[in-house]
file protein.txt (compact mmCIF, C-alpha atoms)
# COMPACT_ATOMS: atom_id res chain seq x y z
CA MET D 1 36.50 -80.34 -163.61
CA PRO D 2 32.84 -80.61 -162.49
CA SER D 3 33.76 -83.31 -159.93
CA GLU D 4 35.49 -80.63 -157.82
CA VAL D 5 32.14 -79.07 -156.92
CA PRO D 6 31.31 -80.32 -153.39
CA GLY D 7 28.33 -82.66 -153.32
CA LEU D 8 28.19 -83.22 -157.08
CA ALA D 9 29.71 -86.71 -156.92
CA ALA D 10 27.11 -87.80 -154.33
CA ARG D 11 24.32 -86.55 -156.59
CA ARG D 12 25.81 -88.16 -159.68
CA ILE D 13 25.94 -91.53 -157.92
CA ALA D 14 22.39 -90.97 -156.60
CA ALA D 15 21.30 -90.39 -160.22
CA ASP D 16 23.03 -93.60 -161.37
CA ILE D 17 21.39 -95.63 -158.59
CA LEU D 18 17.94 -94.15 -159.28
CA ASP D 19 18.40 -95.01 -162.95
CA GLY D 20 19.30 -98.55 -161.85
CA VAL D 21 16.05 -98.91 -159.88
CA LEU D 22 13.64 -97.11 -162.20
CA HIS D 23 15.01 -98.16 -165.62
CA LYS D 24 17.18 -101.25 -165.11
CA HIS D 25 15.14 -103.05 -162.43
CA ARG D 26 18.10 -103.32 -160.02
CA THR D 27 17.51 -103.34 -156.26
CA LEU D 28 19.00 -100.72 -153.96
CA ASP D 29 20.74 -103.42 -151.92
CA GLU D 30 22.69 -104.80 -154.87
CA GLN D 31 23.73 -101.30 -155.96
CA LEU D 32 24.86 -100.22 -152.48
CA ASP D 33 26.62 -103.33 -151.13
CA GLY D 34 28.50 -106.38 -152.32
CA ALA D 35 30.27 -107.30 -155.53
CA ALA D 36 27.89 -105.43 -157.86
CA ALA D 37 27.83 -102.18 -155.83
CA HIS D 38 28.34 -98.82 -157.58
CA PRO D 39 32.12 -98.42 -158.10
CA GLY D 40 32.03 -94.72 -157.17
CA LEU D 41 30.86 -95.38 -153.60
CA LYS D 42 34.38 -96.12 -152.35
CA ALA D 43 35.53 -92.58 -153.13
CA LEU D 44 32.68 -90.85 -151.26
CA SER D 45 33.17 -89.51 -147.75
CA ASP D 46 30.89 -90.92 -145.03
CA ARG D 47 28.93 -87.67 -145.09
CA ASP D 48 28.44 -87.75 -148.86
CA ARG D 49 27.50 -91.42 -148.77
CA ALA D 50 24.84 -90.70 -146.14
CA LEU D 51 23.53 -87.78 -148.24
CA MET D 52 23.39 -89.97 -151.35
CA ARG D 53 21.47 -92.72 -149.54
CA ARG D 54 19.04 -90.24 -148.05
CA LEU D 55 18.48 -88.60 -151.44
CA VAL D 56 17.70 -91.89 -153.17
CA ALA D 57 15.44 -93.09 -150.33
CA THR D 58 13.53 -89.78 -150.20
CA ILE D 59 12.92 -89.82 -153.96
CA LEU D 60 11.72 -93.45 -153.95
CA ARG D 61 9.49 -92.78 -150.90
CA ARG D 62 7.94 -89.72 -152.55
CA LEU D 63 8.07 -90.75 -156.20
CA GLY D 64 4.35 -90.36 -156.86
CA THR D 65 4.17 -86.94 -155.23
CA LEU D 66 7.33 -85.80 -157.07
CA GLY D 67 5.79 -86.94 -160.35
CA HIS D 68 2.65 -84.95 -159.58
CA VAL D 69 4.56 -81.77 -158.66
CA LEU D 70 6.91 -81.92 -161.65
CA SER D 71 4.10 -82.67 -164.11
CA ARG D 72 2.32 -79.51 -162.90
CA LEU D 73 5.51 -77.47 -163.43
CA LEU D 74 6.37 -78.90 -166.87
CA ASP D 75 4.25 -78.04 -169.90
CA ARG D 76 5.34 -81.12 -171.85
CA GLY D 77 5.97 -83.58 -169.04
CA ILE D 78 9.30 -84.95 -167.83
CA PRO D 79 11.76 -85.41 -170.76
CA THR D 80 11.84 -89.10 -171.70
CA ASP D 81 14.83 -89.06 -174.08
CA ALA D 82 17.38 -88.19 -171.36
CA PRO D 83 17.23 -90.27 -168.15
CA ARG D 84 19.78 -87.96 -166.49
CA ALA D 85 17.48 -84.96 -167.02
CA GLN D 86 14.70 -86.87 -165.25
CA SER D 87 17.08 -87.77 -162.39
CA ALA D 88 18.31 -84.17 -162.10
CA LEU D 89 14.72 -82.92 -161.75
CA LEU D 90 13.84 -85.57 -159.14
CA ILE D 91 17.03 -84.95 -157.14
CA GLY D 92 16.59 -81.17 -157.19
CA ALA D 93 12.90 -81.26 -156.29
CA ALA D 94 13.35 -83.80 -153.47
CA GLN D 95 15.98 -81.59 -151.82
CA ILE D 96 13.85 -78.45 -152.18
CA LEU D 97 10.67 -80.06 -150.83
CA TRP D 98 11.89 -82.42 -148.08
CA MET D 99 15.58 -82.02 -147.32
CA ASP D 100 17.64 -79.54 -145.40
CA VAL D 101 19.52 -78.25 -148.46
CA PRO D 102 19.47 -74.56 -149.50
CA ASP D 103 17.25 -74.12 -152.58
CA HIS D 104 19.95 -72.36 -154.61
CA ALA D 105 22.41 -75.23 -154.01
CA ALA D 106 19.79 -77.83 -154.96
CA VAL D 107 19.05 -75.99 -158.22
CA ASP D 108 22.70 -75.33 -159.09
CA LEU D 109 23.85 -78.91 -158.52
CA SER D 110 20.94 -80.37 -160.52
CA VAL D 111 21.81 -78.05 -163.43
CA ARG D 112 25.46 -79.17 -163.24
CA LEU D 113 24.32 -82.80 -163.12
CA ALA D 114 22.42 -82.30 -166.39
CA GLN D 115 25.27 -80.37 -168.00
CA SER D 116 27.67 -83.23 -167.37
CA ASP D 117 25.55 -85.63 -169.48
CA ARG D 118 25.54 -85.43 -173.28
CA ARG D 119 21.80 -86.12 -173.76
CA ALA D 120 20.61 -84.13 -170.75
CA ALA D 121 22.73 -80.99 -171.34
CA LYS D 122 20.15 -79.42 -173.67
CA TYR D 123 17.63 -79.47 -170.80
CA ALA D 124 19.86 -77.53 -168.34
CA GLY D 125 17.89 -74.29 -168.84
CA LEU D 126 14.56 -76.07 -168.43
CA ILE D 127 15.76 -77.81 -165.24
CA ASN D 128 16.93 -74.46 -163.83
CA ALA D 129 13.55 -72.81 -164.52
CA VAL D 130 11.43 -75.73 -163.28
CA LEU D 131 13.35 -76.14 -160.01
CA ARG D 132 13.21 -72.40 -159.28
CA ARG D 133 9.44 -72.60 -159.72
CA CYS D 134 9.41 -75.70 -157.53
CA ALA D 135 11.06 -73.69 -154.73
CA ARG D 136 8.29 -71.08 -155.00
CA GLU D 137 5.22 -73.24 -155.74
CA GLY D 138 6.10 -76.82 -154.83
CA GLN D 139 4.72 -76.92 -151.28
CA ALA D 140 1.38 -75.52 -152.49
CA LEU D 141 1.21 -78.23 -155.17
CA ILE D 142 1.78 -80.91 -152.51
CA GLU D 143 -0.97 -79.40 -150.35
CA GLU D 144 -3.27 -79.45 -153.37
CA VAL D 145 -3.30 -83.28 -153.45
CA LYS D 146 -2.61 -83.95 -149.73
CA SER D 147 -2.49 -87.63 -150.55
CA GLN D 148 -0.12 -90.22 -149.12
CA THR D 149 -1.57 -92.75 -151.51
CA LEU D 150 0.19 -91.19 -154.51
CA ASP D 151 3.44 -92.70 -153.27
CA VAL D 152 2.17 -96.29 -153.41
CA PRO D 153 1.64 -97.87 -156.86
CA ALA D 154 -2.09 -97.91 -157.61
CA TRP D 155 -2.29 -101.71 -158.02
CA LEU D 156 -0.68 -102.24 -154.61
CA PHE D 157 -2.85 -99.71 -152.78
CA ALA D 158 -5.98 -101.26 -154.33
CA ARG D 159 -4.94 -104.66 -152.92
CA TRP D 160 -4.42 -103.22 -149.44
CA VAL D 161 -7.86 -101.58 -149.54
CA ALA D 162 -9.39 -104.92 -150.61
CA HIS D 163 -7.67 -106.90 -147.83
CA TYR D 164 -7.45 -104.43 -144.93
CA GLY D 165 -10.07 -101.76 -145.70
CA GLU D 166 -9.60 -98.14 -146.77
CA THR D 167 -8.65 -96.75 -143.33
CA ILE D 168 -5.89 -99.26 -142.59
CA ALA D 169 -4.62 -99.08 -146.19
CA ARG D 170 -4.20 -95.31 -145.77
CA ASP D 171 -2.51 -95.83 -142.39
CA ILE D 172 -0.05 -98.25 -144.03
CA ALA D 173 0.68 -95.75 -146.82
CA LEU D 174 1.26 -93.01 -144.24
CA ALA D 175 3.57 -95.24 -142.16
CA ILE D 176 5.81 -96.24 -145.06
CA GLY D 177 6.30 -92.58 -145.95
CA HIS D 178 8.41 -92.06 -142.80
CA GLU D 179 12.11 -92.82 -142.69
CA PRO D 180 12.32 -95.77 -140.26
CA SER D 181 14.33 -96.08 -137.07
CA LEU D 182 17.18 -98.57 -136.61
CA ASP D 183 16.01 -101.74 -134.84
CA ILE D 184 18.48 -104.15 -133.30
CA THR D 185 18.32 -107.52 -131.56
CA VAL D 186 20.76 -107.76 -128.65
CA LYS D 187 22.33 -110.89 -127.20
CA SER D 188 21.48 -109.78 -123.66
CA ASP D 189 20.59 -106.77 -121.49
CA PRO D 190 18.43 -104.73 -123.88
CA GLU D 191 17.97 -101.95 -121.28
CA HIS D 192 21.74 -101.40 -121.20
CA TRP D 193 21.99 -101.23 -124.99
CA ALA D 194 18.96 -98.95 -125.28
CA THR D 195 20.80 -96.48 -123.03
CA ARG D 196 24.16 -96.86 -124.79
CA LEU D 197 22.61 -96.40 -128.25
CA HIS D 198 20.39 -93.47 -127.17
CA GLY D 199 17.30 -95.48 -128.01
CA GLU D 200 14.48 -97.26 -126.24
CA MET D 201 13.52 -100.84 -125.54
CA LEU D 202 10.36 -101.96 -127.30
CA PRO D 203 7.83 -104.15 -125.47
CA THR D 204 8.99 -107.07 -127.65
CA GLY D 205 12.59 -106.77 -126.42
CA SER D 206 14.10 -105.19 -129.53
CA VAL D 207 16.07 -101.95 -129.13
CA ARG D 208 15.03 -99.03 -131.35
CA THR D 209 17.25 -96.01 -131.98
CA LEU D 210 17.31 -92.99 -134.29
CA LEU D 211 21.09 -93.05 -134.64
CA HIS D 212 22.08 -92.73 -138.30
CA GLY D 213 25.35 -93.13 -140.13
CA SER D 214 27.50 -96.23 -140.37
CA VAL D 215 26.11 -99.08 -138.27
CA THR D 216 29.57 -100.62 -138.03
CA MET D 217 30.81 -97.60 -136.03
CA LEU D 218 28.17 -97.95 -133.27
CA PRO D 219 29.19 -99.33 -129.85
CA GLY D 220 28.81 -103.09 -129.56
CA PHE D 221 28.79 -103.85 -133.29
CA THR D 222 32.40 -104.92 -133.75
CA ASP D 223 32.44 -107.08 -130.64
CA GLY D 224 29.24 -108.84 -131.73
CA GLN D 225 26.81 -107.73 -129.01
CA TRP D 226 23.87 -107.20 -131.38
CA TRP D 227 22.65 -107.34 -134.98
CA VAL D 228 20.32 -105.19 -137.08
CA GLN D 229 16.82 -106.71 -137.35
CA ASP D 230 13.41 -105.08 -137.62
CA ALA D 231 11.36 -105.62 -134.47
CA ALA D 232 8.73 -107.55 -136.47
CA ALA D 233 11.37 -109.78 -138.09
CA ALA D 234 12.57 -110.72 -134.59
CA LEU D 235 9.19 -112.24 -133.63
CA PRO D 236 8.87 -115.46 -135.76
CA ALA D 237 11.94 -117.24 -134.32
CA ARG D 238 10.58 -116.68 -130.80
CA LEU D 239 7.38 -118.56 -131.62
CA PHE D 240 9.19 -121.90 -131.18
CA GLY D 241 9.30 -121.29 -127.42
CA ASP D 242 12.26 -122.87 -125.62
CA VAL D 243 14.66 -124.25 -128.26
CA ALA D 244 17.62 -125.12 -126.01
CA GLY D 245 19.18 -128.38 -127.28
CA LYS D 246 16.70 -128.72 -130.16
CA VAL D 247 17.69 -129.40 -133.76
CA ILE D 248 16.25 -126.72 -136.05
CA ALA D 249 16.51 -126.02 -139.77
CA ASP D 250 16.30 -122.41 -140.95
CA LEU D 251 15.29 -122.55 -144.61
CA CYS D 252 16.11 -119.50 -146.83
CA ALA D 253 18.23 -118.34 -143.89
CA ALA D 254 20.46 -115.55 -145.23
CA PRO D 255 21.43 -112.94 -144.09
CA GLY D 256 21.02 -114.82 -140.82
CA GLY D 257 19.20 -112.70 -138.23
CA LYS D 258 16.76 -115.48 -137.34
CA THR D 259 19.53 -118.10 -137.39
CA ALA D 260 21.45 -115.95 -134.89
CA GLN D 261 18.39 -115.73 -132.62
CA LEU D 262 17.92 -119.51 -132.62
CA VAL D 263 21.63 -120.25 -131.98
CA GLN D 264 21.76 -117.63 -129.22
CA ALA D 265 18.73 -119.35 -127.62
CA GLY D 266 20.62 -122.67 -127.53
CA ALA D 267 19.38 -124.50 -130.65
CA HIS D 268 21.54 -126.59 -133.01
CA VAL D 269 20.77 -124.86 -136.29
CA THR D 270 21.27 -125.87 -139.90
CA ALA D 271 20.97 -122.75 -142.05
CA VAL D 272 20.05 -123.36 -145.69
CA ASP D 273 20.13 -120.83 -148.53
CA ARG D 274 20.54 -121.28 -152.28
CA SER D 275 22.72 -118.18 -152.84
CA PRO D 276 26.46 -118.67 -152.18
CA ALA D 277 26.95 -114.88 -151.86
CA ARG D 278 24.14 -114.52 -149.33
CA MET D 279 25.41 -117.57 -147.44
CA ALA D 280 28.88 -115.99 -147.26
CA ARG D 281 27.23 -112.96 -145.67
CA LEU D 282 25.43 -115.20 -143.15
CA ARG D 283 28.77 -116.83 -142.21
CA ASP D 284 30.36 -113.38 -141.79
CA ASN D 285 27.48 -112.21 -139.60
CA LEU D 286 27.61 -115.31 -137.39
CA GLY D 287 31.41 -114.99 -137.19
CA ARG D 288 31.16 -111.42 -135.88
CA LEU D 289 28.55 -112.56 -133.34
CA ALA D 290 30.71 -115.57 -132.30
CA LEU D 291 27.76 -117.90 -132.99
CA LYS D 292 27.98 -121.27 -134.77
CA ALA D 293 25.54 -122.94 -137.16
CA ASP D 294 25.85 -125.52 -139.95
CA ALA D 295 25.63 -123.47 -143.15
CA THR D 296 24.49 -125.29 -146.27
CA VAL D 297 24.18 -123.88 -149.79
CA ALA D 298 21.17 -125.66 -151.32
CA ASP D 299 17.74 -125.06 -152.84
CA ALA D 300 15.55 -125.36 -149.74
CA ALA D 301 12.57 -126.55 -151.82
CA GLU D 302 14.54 -129.69 -152.79
CA TRP D 303 16.88 -130.13 -149.84
CA GLN D 304 16.82 -133.62 -148.27
CA GLY D 305 17.84 -132.62 -144.75
CA GLY D 306 21.57 -133.39 -144.84
CA ASN D 307 22.69 -135.35 -141.77
CA HIS D 308 19.27 -134.96 -140.20
CA GLY D 309 17.30 -137.08 -142.65
CA GLY D 310 15.41 -138.46 -139.65
CA GLY D 311 13.71 -135.14 -139.14
CA PHE D 312 14.03 -131.84 -137.28
CA ASP D 313 12.49 -130.74 -134.00
CA GLY D 314 11.67 -127.42 -135.61
CA ILE D 315 11.75 -125.80 -139.05
CA LEU D 316 11.64 -122.09 -139.81
CA VAL D 317 10.55 -121.21 -143.35
CA ASP D 318 11.28 -117.53 -143.95
CA ALA D 319 10.04 -117.75 -147.51
CA PRO D 320 11.11 -115.55 -150.44
CA CYS D 321 8.21 -113.16 -151.10
CA THR D 322 7.29 -109.82 -152.67
CA SER D 323 8.57 -108.13 -149.46
CA THR D 324 5.83 -105.49 -149.63
CA GLY D 325 5.87 -105.37 -145.82
CA THR D 326 9.40 -103.90 -145.89
CA ILE D 327 8.79 -100.90 -148.18
CA ARG D 328 9.42 -98.50 -145.28
CA ARG D 329 13.01 -99.84 -145.11
CA HIS D 330 13.37 -100.71 -148.81
CA PRO D 331 11.43 -98.06 -150.76
CA ASP D 332 12.66 -99.45 -154.11
CA ILE D 333 10.43 -102.52 -153.65
CA ALA D 334 7.29 -100.46 -154.31
CA TRP D 335 8.55 -99.66 -157.81
CA LEU D 336 10.33 -102.95 -158.62
CA ARG D 337 7.47 -105.35 -157.81
CA GLN D 338 4.54 -106.11 -160.10
CA GLU D 339 1.28 -107.84 -159.33
CA ALA D 340 2.30 -110.79 -161.54
CA ASP D 341 5.16 -111.56 -159.10
CA ILE D 342 2.71 -112.68 -156.42
CA ASN D 343 1.50 -115.89 -158.07
CA ALA D 344 5.01 -117.03 -159.01
CA LEU D 345 6.22 -116.51 -155.45
CA ALA D 346 3.11 -118.15 -153.97
CA ALA D 347 3.93 -121.30 -156.00
CA LEU D 348 7.47 -121.34 -154.55
CA GLN D 349 6.12 -120.79 -151.02
CA LYS D 350 3.81 -123.79 -151.47
CA ARG D 351 6.78 -126.00 -152.47
CA LEU D 352 8.83 -124.79 -149.49
CA LEU D 353 5.98 -125.52 -147.08
CA GLN D 354 5.49 -129.03 -148.46
CA ARG D 355 9.22 -129.74 -148.21
CA ALA D 356 9.32 -128.40 -144.62
CA VAL D 357 6.49 -130.73 -143.55
CA THR D 358 8.39 -133.77 -144.88
CA LEU D 359 11.58 -132.70 -143.03
CA LEU D 360 9.77 -132.23 -139.70
CA LYS D 361 9.68 -134.92 -136.97
CA PRO D 362 6.26 -136.00 -135.68
CA GLY D 363 5.45 -133.58 -132.87
CA GLY D 364 7.84 -131.01 -134.37
CA THR D 365 7.02 -127.32 -134.87
CA LEU D 366 6.97 -125.47 -138.20
CA ILE D 367 7.07 -121.67 -138.25
CA TYR D 368 6.23 -120.17 -141.63
CA CYS D 369 6.77 -116.45 -142.20
CA THR D 370 6.95 -113.85 -144.96
CA CYS D 371 7.63 -110.10 -144.92
CA SER D 372 4.72 -109.52 -147.30
CA LEU D 373 1.40 -107.71 -146.82
CA GLU D 374 -0.22 -109.84 -149.56
CA VAL D 375 -2.59 -112.51 -148.22
CA GLU D 376 -1.69 -115.02 -150.98
CA GLU D 377 1.80 -115.19 -149.44
CA GLY D 378 0.56 -115.50 -145.86
CA GLU D 379 -2.94 -116.38 -144.70
CA GLN D 380 -3.95 -118.11 -147.94
CA ALA D 381 -0.71 -120.14 -148.17
CA ILE D 382 -1.35 -121.61 -144.72
CA SER D 383 -5.07 -122.23 -145.18
CA ALA D 384 -4.29 -124.05 -148.48
CA LEU D 385 -1.69 -126.26 -146.73
CA LEU D 386 -4.03 -127.08 -143.84
CA ALA D 387 -6.82 -127.94 -146.28
CA THR D 388 -4.65 -130.44 -148.20
CA ASP D 389 -2.25 -131.90 -145.59
CA SER D 390 -3.77 -133.61 -142.56
CA ALA D 391 -0.29 -134.20 -141.07
CA VAL D 392 -0.14 -130.64 -139.71
CA ARG D 393 -2.41 -128.49 -137.58
CA ARG D 394 -2.26 -124.88 -136.47
CA ALA D 395 -0.90 -124.14 -133.00
CA PRO D 396 -2.40 -120.70 -132.32
CA ILE D 397 -0.16 -117.89 -131.07
CA ALA D 398 -1.31 -116.18 -127.87
CA PRO D 399 -0.90 -112.40 -127.37
CA CYS D 400 1.22 -113.08 -124.24
CA GLU D 401 3.87 -114.63 -126.55
CA VAL D 402 4.23 -111.33 -128.42
CA ALA D 403 4.46 -108.90 -125.48
CA GLY D 404 0.67 -108.72 -125.13
CA LEU D 405 0.28 -106.92 -128.48
CA SER D 406 -3.13 -108.41 -129.26
CA GLU D 407 -3.56 -106.25 -132.39
CA ILE D 408 -0.80 -108.25 -134.12
CA VAL D 409 -2.50 -111.64 -133.52
CA THR D 410 -5.28 -112.66 -135.93
CA GLU D 411 -8.53 -114.40 -135.02
CA GLN D 412 -7.03 -117.68 -136.28
CA GLY D 413 -4.04 -117.27 -133.97
CA ASP D 414 -1.48 -116.22 -136.58
CA LEU D 415 0.88 -113.25 -136.41
CA ARG D 416 0.13 -110.28 -138.70
CA THR D 417 2.12 -107.06 -138.20
CA LEU D 418 1.47 -103.93 -140.26
CA PRO D 419 3.68 -100.87 -140.86
CA CYS D 420 1.12 -98.76 -138.94
CA HIS D 421 1.35 -100.94 -135.79
CA LEU D 422 3.31 -99.89 -132.68
CA PRO D 423 2.40 -96.17 -132.77
CA HIS D 424 4.62 -93.61 -131.00
CA ASN D 425 4.35 -89.87 -130.30
CA ASP D 426 7.42 -89.42 -132.51
CA PRO D 427 6.49 -90.95 -135.90
CA ARG D 428 10.18 -91.76 -136.47
CA LEU D 429 10.01 -94.20 -133.55
CA SER D 430 6.78 -95.89 -134.63
CA GLY D 431 5.93 -98.74 -136.96
CA LEU D 432 6.88 -102.32 -137.76
CA ASP D 433 7.67 -104.14 -140.97
CA GLY D 434 4.63 -105.97 -142.33
CA PHE D 435 5.10 -109.64 -141.37
CA TYR D 436 2.93 -112.74 -141.40
CA ALA D 437 3.77 -115.85 -139.37
CA ALA D 438 1.92 -119.07 -138.58
CA ARG D 439 2.86 -121.89 -136.20
CA LEU D 440 2.04 -125.45 -137.19
CA VAL D 441 2.63 -128.76 -135.40
CA LYS D 442 3.09 -132.14 -137.11
CA SER D 443 0.86 -134.88 -135.70

call {"tool": "encode", "arguments": {"input": "protein.txt", "output": "structure tokens"}}
result
Amino acid sequence: MPSEVPGLAARRIAADILDGVLHKHRTLDEQLDGAAAHPGLKALSDRDRALMRRLVATILRRLGTLGHVLSRLLDRGIPTDAPRAQSALLIGAAQILWMDVPDHAAVDLSVRLAQSDRRAAKYAGLINAVLRRCAREGQALIEEVKSQTLDVPAWLFARWVAHYGETIARDIALAIGHEPSLDITVKSDPEHWATRLHGEMLPTGSVRTLLHGSVTMLPGFTDGQWWVQDAAAALPARLFGDVAGKVIADLCAAPGGKTAQLVQAGAHVTAVDRSPARMARLRDNLGRLALKADATVADAAEWQGGNHGGGFDGILVDAPCTSTGTIRRHPDIAWLRQEADINALAALQKRLLQRAVTLLKPGGTLIYCTCSLEVEEGEQAISALLATDSAVRRAPIAPCEVAGLSEIVTEQGDLRTLPCHLPHNDPRLSGLDGFYAARLVKS
């Protein structure tokens, strides 16, 4: 039986998940966790599961470069009539070029992967020959283009050049090519947890570590001392200032990192999300952290405020968006999103903002944020609201509120983090998710 070959099952599942992203438009998250996760994952060892995840992430991070290399090694291009042949080539080449796998093992397992599929089997000889050539010539073919921009879809890179300029756009592309660190938000004593988790404390108070493997096995997870949250994602909730005793609504709240921050800081929080499955995850997360919030399943754009019809002291709108700021952590997003998605999401963001203003008490604070690098979902959404609604005004953010990092505060006083921010001598410890946040006050 082919399944007895060590490592083949991990590669077969990697091929299925790649096929899900590239041909069936399914996200990595839904294929790796939850009810719709790949059924074969349960049978994998921790080591094989980690290998499979790393394989898939490496391929999605380097998809443009892989396409370039393979097209140079194939006379007739990548076979289109057998998705498994395409996956076998990508999996083999990614291991040869970027992973610590012996070339002969990478070639052999990719050939076996093709042989185990009816349509791909006829390409086994071709896959063998191409991957052997890749081992000899692949690095030179990468050097030939020396371009990080190949690994960002052309439409997306063009937008970044238009909004941020060529230099910053290239810096962003370079930053999202690195596998990111693990960032966590701790309930208290970040210095202690930085030491325990062999990491470092960032100026913003998040703890950053290079530990890999199962998060649930790390010290402090089970007893609810911390939660996983990118350092940039941890900033918007802090922009309320002191929230002790205040009544705050967190709209589009799941999976609950920002809700947890607000509750931990002493706020009475109503968390709203339209997805029952995501809300169940939020409840689980808060349960592990021993934190309490009112959790409501509702469409935030139409929600009337529940028991707080009289208005909230603060509202956090963490709006659904294209998530292009999180490609370093979610490399599938680069290949799942299309430019047409931006306008549809911008329309939803506008509705959420309008609803939030009506739910806010006079004198209350509204924090709007998205994990997108696209200005329509950030800067333009806020300028459009301010131009049409005289009930709210901007309350500029000062650099001292974000650990003195003046480069992440815009001229208007909004927050704008980029993947190339927070540089570090070790590229694995650098970077932030791309976030936008604005603070508004109701008159």

call {"tool": "closest_atom_pairs", "arguments": {"input": "protein.txt", "of": "segment 350-417 of chain D", "to": "segment 333-337 of chain D", "cutoff": "12 Å", "atoms": "all atoms listed in the file", "output": "Markdown table"}}
result
| residue | atom | partner | partner_atom | distance |
| --- | --- | --- | --- | --- |
| D:Cys371 | CA | D:Ile333 | CA | 11.9 |
| D:Ser372 | CA | D:Ile333 | CA | 11.0 |
| D:Leu373 | CA | D:Ala334 | CA | 12.0 |

call {"tool": "write_last_selection", "arguments": {"input": "protein.txt", "atoms": "C-alpha atoms", "output": "PDB file, keeping the file's coordinate frame"}}
result
ATOM      1  CA  CYS D 371       7.630-110.100-144.920  1.00  0.00           C
ATOM      2  CA  SER D 372       4.720-109.520-147.300  1.00  0.00           C
ATOM      3  CA  LEU D 373       1.400-107.710-146.820  1.00  0.00           C
TER       4      LEU D 373
END

call {"tool": "residues_around", "arguments": {"input": "protein.txt", "residues": "Arg49 of chain D", "least_positions_apart": "2", "cutoff": "12 Å", "atoms": "all atoms listed in the file", "output": "list in words"}}
result
Gly7, Leu8, Ala9, Ala10, Arg11, Arg12, Ile13, Ala14, Leu32, His38, Gly40, Leu41, Lys42, Ala43, Leu44, Ser45, Asp46, Arg47, Leu51, Met52, Arg53, Arg54, Leu55, Val56, His212, Gly213 and Ser214 of chain D

call {"tool": "closest_residue", "arguments": {"input": "protein.txt", "among": "D:Gly92, D:Gly378, D:Pro153, D:Pro39", "to": "Asn128 of chain D", "atoms": "only C-alpha atoms"}}
result
D:Gly92

call {"tool": "closest_residue", "arguments": {"input": "protein.txt", "among": "D:Gly257, D:Pro190, D:Gly314, D:Gly77", "to": "Ala244 of chain D", "atoms": "all atoms listed in the file"}}
result
D:Gly314

call {"tool": "atom_distance", "arguments": {"input": "protein.txt", "atom1": "atom CA of Gly165 of chain D", "atom2": "atom CA of Ile342 of chain D"}}
result
19.9 Å

call {"tool": "atom_distance", "arguments": {"input": "protein.txt", "atom1": "atom CA of Gly64 of chain D", "atom2": "atom CA of Ile78 of chain D"}}
result
13.2 Å

call {"tool": "residues_near_point", "arguments": {"input": "protein.txt", "point": "(-4.5, -98.4, -138.5)", "cutoff": "9 Å", "atoms": "only C-alpha atoms", "output": "PDB file with C-alpha atoms, in the coordinates of the input"}}
result
ATOM      1  CA  THR D 167      -8.650 -96.750-143.330  1.00  0.00           C
ATOM      2  CA  ILE D 168      -5.890 -99.260-142.590  1.00  0.00           C
ATOM      3  CA  ALA D 169      -4.620 -99.080-146.190  1.00  0.00           C
ATOM      4  CA  ARG D 170      -4.200 -95.310-145.770  1.00  0.00           C
ATOM      5  CA  ASP D 171      -2.510 -95.830-142.390  1.00  0.00           C
ATOM      6  CA  ILE D 172      -0.050 -98.250-144.030  1.00  0.00           C
ATOM      7  CA  LEU D 418       1.470-103.930-140.260  1.00  0.00           C
ATOM      8  CA  PRO D 419       3.680-100.870-140.860  1.00  0.00           C
ATOM      9  CA  CYS D 420       1.120 -98.760-138.940  1.00  0.00           C
ATOM     10  CA  HIS D 421       1.350-100.940-135.790  1.00  0.00           C
TER      11      HIS D 421
END

call {"tool": "atom_distance", "arguments": {"input": "protein.txt", "atom1": "atom CA of Val247 of chain D", "atom2": "atom CA of His268 of chain D"}}
result
4.8 Å

call {"tool": "residues_around", "arguments": {"input": "protein.txt", "residues": "Asp426 of chain D", "least_positions_apart": "5", "cutoff": "12 Å", "atoms": "all atoms listed in the file", "output": "MDAnalysis selection string"}}
result
chainID D and resid 175 178:181 209:210 431
